[in-house]
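Here is the structure we will look at.
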There are 2 protein chains.
Amino acid sequence: MEKTIEKKRIYTGKLLKLNANKVRLPSGRTSFREYVAHPGAAAAVPFISENKIILIRQYRYAISGNLLEIPAGVTELGESPEDTITRELIEETGYKANKIESLGWFYPSPGYTDEKIHLFKASELQLIQKEPQEEIELVEVLFKEALLLIEKGGIIDGKTIIALLICNHSSI
Amino acid sequence: MEKTIEKKRIYTGKLLKLNANKVRLPSGRTSFREYVAHPGAAAAVPFISENKIILIRQYRYAISGNLLEIPAGVTELGESPEDTITRELIEETGYKANKIESLGWFYPSPGYTDEKIHLFKASELQLIQKEPQEEIELVEVLFKEALLLIEKGGIIDGKTIIALLICNHSSI
């Protein structure tokens, strides 16, 4: 347990809020804790058939490169994680998922951010929008191929690795 | 591809650096990209016997709670990921690992941070320090039990989930 002595908001951005709080450690010493406050996110493995999924390839500015990921997005005010992923799936892939099953949730980097990511399996997909709005490339792959891509280092995004391995582990 | 028009460093902290850069999108529009620059980290699943591992329970200020995790730490200047995890294992558990095998690496949250986490399997452990320095509790569990904890929501830290599932997936 660490007791907050002083709260300091460094930055309030569009997506991120940065805090640097002064805390008292259990030992009695004081220290600083820098962390990012994040609204949370939701992501899903969209099954377009029993053994085939849709991945997206998109540019990620923070790492200056393209990544192969499952569709995902940041939670907007008032949304449930299911609402978020249903909306994002349509925006990013054009598909509405008529079946959404929870795969659990996790903290991607609890050492410095409170972000939670909720994971889902999405199925019974229905194409409702022909041109997805965001600048992303859709990539259909066999679920088994996606697992191989993790082994080969072709999938290096944390939420994507977790969602695929959990789908596989639980034999959904 | 997004072209950086203007770089702005918002904050330079002990651990994190926050940037809010102005970029030109492929469409020609301009936008802002907020991201955290992070030195990177390394984590390992330490096998104390063939089927038993050491986890740590520690307080995480960002999420105001205790988490069950594999040992891990931030890379210090000049260190390789192997150096980092060897040092952190000793600091956090008291054990030196005489065998370190790579399980790959991943980006925990590439939407807003460049942090990379390198994962390892650590074995042939040798107790060299009786009292670990950090305020953490050591928890020995069967590897199989740790997998069940993921299913039950008892392990919700991203790097820990990935490392355990990859150990299991690759049947190491």
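Residue names in the structure tokens use chain letters A, B, ... in the order shown, residue numbers from 1 in each chain, and ligand numbers from 1 in the order shown.
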
Quick check for you: according to DSSP on this backbone, which residues of segment 15-122 of chain A are classed as strand (DSSP E)? Reply as JSON, numbers by chain. {"A": [17, 18, 19, 20, 21, 22, 23, 24, 30, 31, 32, 33, 34, 35, 36, 37, 41, 42, 43, 44, 45, 46, 52, 53, 54, 55, 56, 57, 58, 59, 60, 65, 66, 67, 68, 69, 72, 73, 74, 95, 96, 97, 98, 99, 100, 101, 102, 103, 104, 105, 106, 117, 118, 119, 120, 121, 122]}

Counting only C-alpha atoms, give me one row per residue of chain A with an atom at most 6 Å from an atom of chain B, showing the shortest contact pair and its distance in Å to one decimal, sorted by chain then residue number, as a Markdown table.
```
| residue | atom | partner | partner_atom | distance |
| --- | --- | --- | --- | --- |
| A:Tyr35 | CA | B:Ala62 | CA | 5.9 |
| A:Ala62 | CA | B:Asp114 | CA | 5.3 |
| A:Ile63 | CA | B:Asp114 | CA | 5.1 |
| A:Phe106 | CA | B:Ile156 | CA | 4.5 |
| A:Tyr107 | CA | B:Asp157 | CA | 5.1 |
| A:Pro108 | CA | B:Gly158 | CA | 4.7 |
| A:Tyr112 | CA | B:Ala62 | CA | 5.8 |
| A:Thr113 | CA | B:Ala62 | CA | 5.6 |
| A:Asp114 | CA | B:Ile63 | CA | 5.1 |
| A:Ile156 | CA | B:Phe106 | CA | 4.5 |
| A:Asp157 | CA | B:Tyr107 | CA | 5.1 |
| A:Gly158 | CA | B:Pro108 | CA | 4.7 |
| A:Ile162 | CA | B:Ile162 | CA | 5.9 |
```

Contacts of segment 93-98 of chain B at 8 Å (only C-alpha atoms; same-chain gap of 3+ positions) as a ChimeraX atom specification: /B:46,71,86,89-90,122-132,138

Give me the residues near Ala72 of chain A as a VMD selection string, where near means some atom within 10 Å (using only C-alpha atoms) and where sequence neighbours in that chain fewer than 6 positions away do not count. chain A and resid 41 to 45 56 84 to 89 91 to 92 117 to 120 159 to 160

Quick one: write out the picked residues with N, CA and C atoms as a JSON list (two decimals), in the first residue's frame?
```json
[["chain", "number", "residue", "atom", "x", "y", "z"],
["A", 41, "ALA", "N", -10.11, 0.26, -22.94],
["A", 41, "ALA", "CA", -10.29, -0.13, -24.33],
["A", 41, "ALA", "C", -10.94, -1.50, -24.43],
["A", 42, "ALA", "N", -11.37, -1.84, -25.63],
["A", 42, "ALA", "CA", -11.94, -3.16, -25.89],
["A", 42, "ALA", "C", -11.41, -3.64, -27.24],
["A", 43, "ALA", "N", -11.24, -4.96, -27.36],
["A", 43, "ALA", "CA", -10.69, -5.56, -28.57],
["A", 43, "ALA", "C", -11.38, -6.90, -28.80],
["A", 44, "ALA", "N", -11.43, -7.34, -30.05],
["A", 44, "ALA", "CA", -12.10, -8.63, -30.33],
["A", 44, "ALA", "C", -11.40, -9.39, -31.44],
["A", 45, "VAL", "N", -11.46, -10.72, -31.33],
["A", 45, "VAL", "CA", -11.05, -11.60, -32.42],
["A", 45, "VAL", "C", -12.31, -11.86, -33.26],
["A", 56, "ILE", "N", -6.29, -6.59, -38.65],
["A", 56, "ILE", "CA", -6.07, -5.32, -39.34],
["A", 56, "ILE", "C", -4.60, -4.95, -39.27],
["A", 84, "THR", "N", -18.32, -0.62, -27.03],
["A", 84, "THR", "CA", -17.09, -0.12, -27.67],
["A", 84, "THR", "C", -16.66, -1.04, -28.79],
["A", 85, "ILE", "N", -16.59, -2.34, -28.51],
["A", 85, "ILE", "CA", -16.05, -3.23, -29.53],
["A", 85, "ILE", "C", -17.04, -3.41, -30.69],
["A", 86, "THR", "N", -18.33, -3.36, -30.41],
["A", 86, "THR", "CA", -19.31, -3.45, -31.50],
["A", 86, "THR", "C", -19.15, -2.24, -32.44],
["A", 87, "ARG", "N", -19.02, -1.04, -31.87],
["A", 87, "ARG", "CA", -18.83, 0.18, -32.66],
["A", 87, "ARG", "C", -17.51, 0.12, -33.44],
["A", 88, "GLU", "N", -16.43, -0.24, -32.74],
["A", 88, "GLU", "CA", -15.11, -0.24, -33.39],
["A", 88, "GLU", "C", -15.02, -1.29, -34.51],
["A", 89, "LEU", "N", -15.64, -2.44, -34.31],
["A", 89, "LEU", "CA", -15.63, -3.47, -35.36],
["A", 89, "LEU", "C", -16.25, -2.93, -36.65],
["A", 91, "GLU", "N", -16.57, 0.31, -37.48],
["A", 91, "GLU", "CA", -15.71, 1.39, -37.99],
["A", 91, "GLU", "C", -14.46, 0.84, -38.69],
["A", 92, "GLU", "N", -13.86, -0.19, -38.10],
["A", 92, "GLU", "CA", -12.58, -0.66, -38.62],
["A", 92, "GLU", "C", -12.70, -1.74, -39.69],
["A", 117, "ILE", "N", -7.89, -3.47, -20.75],
["A", 117, "ILE", "CA", -8.38, -3.88, -22.07],
["A", 117, "ILE", "C", -9.29, -5.09, -21.91],
["A", 118, "HIS", "N", -10.52, -4.94, -22.39],
["A", 118, "HIS", "CA", -11.50, -6.04, -22.37],
["A", 118, "HIS", "C", -11.41, -6.79, -23.69],
["A", 119, "LEU", "N", -11.36, -8.11, -23.62],
["A", 119, "LEU", "CA", -11.21, -8.93, -24.82],
["A", 119, "LEU", "C", -12.47, -9.73, -25.12],
["A", 120, "PHE", "N", -12.75, -9.88, -26.41],
["A", 120, "PHE", "CA", -13.95, -10.60, -26.83],
["A", 120, "PHE", "C", -13.66, -11.50, -28.02],
["A", 159, "LYS", "N", -2.29, -7.16, -26.83],
["A", 159, "LYS", "CA", -3.70, -7.59, -26.73],
["A", 159, "LYS", "C", -4.05, -8.64, -27.77],
["A", 160, "THR", "N", -3.40, -8.55, -28.96],
["A", 160, "THR", "CA", -3.66, -9.52, -30.03],
["A", 160, "THR", "C", -3.13, -10.89, -29.63]]
```

Can you tell me how far atom CA of Arg24 of chain A sits from atom CA of Glu6 of chain A, in Å to one decimal? 9.6 Å

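Atom to atom, atom CA of Leu55 of chain A and atom CA of Thr75 of chain A stand 19.8 Å apart.
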
As an exercise, work out the distance from atom CA of Phe143 of chain A to atom CA of Lys52 of chain A in Å and give it to one decimal place. 5.3 Å

What parts of segment 9-169 of chain A does DSSP call helix (DSSP H, G or I)? I'd like the answer as a ChimeraX atom specification. /A:61-63,81-93,143-152,158-169

Expected file: the selected residues, C-alpha atoms, as a PDB file, in the first residue's frame:
```pdb
ATOM      1  CA  TYR A  61       2.913   6.406 -34.629  1.00  0.00           C
ATOM      2  CA  ALA A  62       4.374   5.566 -31.192  1.00  0.00           C
ATOM      3  CA  ILE A  63       6.463   2.741 -32.649  1.00  0.00           C
ATOM      4  CA  PRO A  81     -16.868  -2.623 -23.324  1.00  0.00           C
ATOM      5  CA  GLU A  82     -19.372  -4.540 -25.512  1.00  0.00           C
ATOM      6  CA  ASP A  83     -20.660  -1.243 -26.969  1.00  0.00           C
ATOM      7  CA  THR A  84     -17.093  -0.120 -27.666  1.00  0.00           C
ATOM      8  CA  ILE A  85     -16.053  -3.232 -29.528  1.00  0.00           C
ATOM      9  CA  THR A  86     -19.313  -3.445 -31.501  1.00  0.00           C
ATOM     10  CA  ARG A  87     -18.825   0.177 -32.659  1.00  0.00           C
ATOM     11  CA  GLU A  88     -15.109  -0.243 -33.390  1.00  0.00           C
ATOM     12  CA  LEU A  89     -15.628  -3.471 -35.358  1.00  0.00           C
ATOM     13  CA  ILE A  90     -18.005  -1.646 -37.682  1.00  0.00           C
ATOM     14  CA  GLU A  91     -15.710   1.389 -37.993  1.00  0.00           C
ATOM     15  CA  GLU A  92     -12.579  -0.664 -38.620  1.00  0.00           C
ATOM     16  CA  THR A  93     -13.870  -3.661 -40.601  1.00  0.00           C
ATOM     17  CA  PHE A 143      -6.848 -18.854 -36.929  1.00  0.00           C
ATOM     18  CA  LYS A 144      -4.058 -21.467 -36.986  1.00  0.00           C
ATOM     19  CA  GLU A 145      -1.918 -19.189 -39.186  1.00  0.00           C
ATOM     20  CA  ALA A 146      -2.379 -16.353 -36.717  1.00  0.00           C
ATOM     21  CA  LEU A 147      -1.040 -18.607 -33.939  1.00  0.00           C
ATOM     22  CA  LEU A 148       1.999 -19.375 -36.113  1.00  0.00           C
ATOM     23  CA  LEU A 149       2.505 -15.635 -36.681  1.00  0.00           C
ATOM     24  CA  ILE A 150       2.845 -15.181 -32.910  1.00  0.00           C
ATOM     25  CA  GLU A 151       5.604 -17.822 -32.840  1.00  0.00           C
ATOM     26  CA  LYS A 152       7.395 -16.245 -35.814  1.00  0.00           C
ATOM     27  CA  GLY A 158       0.126  -7.562 -26.658  1.00  0.00           C
ATOM     28  CA  LYS A 159      -3.705  -7.586 -26.733  1.00  0.00           C
ATOM     29  CA  THR A 160      -3.662  -9.519 -30.030  1.00  0.00           C
ATOM     30  CA  ILE A 161      -1.318 -12.188 -28.636  1.00  0.00           C
ATOM     31  CA  ILE A 162      -3.400 -12.565 -25.462  1.00  0.00           C
ATOM     32  CA  ALA A 163      -6.765 -12.739 -27.250  1.00  0.00           C
ATOM     33  CA  LEU A 164      -5.543 -15.324 -29.792  1.00  0.00           C
ATOM     34  CA  LEU A 165      -3.823 -17.499 -27.183  1.00  0.00           C
ATOM     35  CA  ILE A 166      -6.868 -17.362 -24.882  1.00  0.00           C
ATOM     36  CA  CYS A 167      -9.155 -18.317 -27.801  1.00  0.00           C
ATOM     37  CA  ASN A 168      -6.810 -21.238 -28.453  1.00  0.00           C
ATOM     38  CA  HIS A 169      -6.309 -22.186 -24.795  1.00  0.00           C
TER      39      HIS A 169
END
```
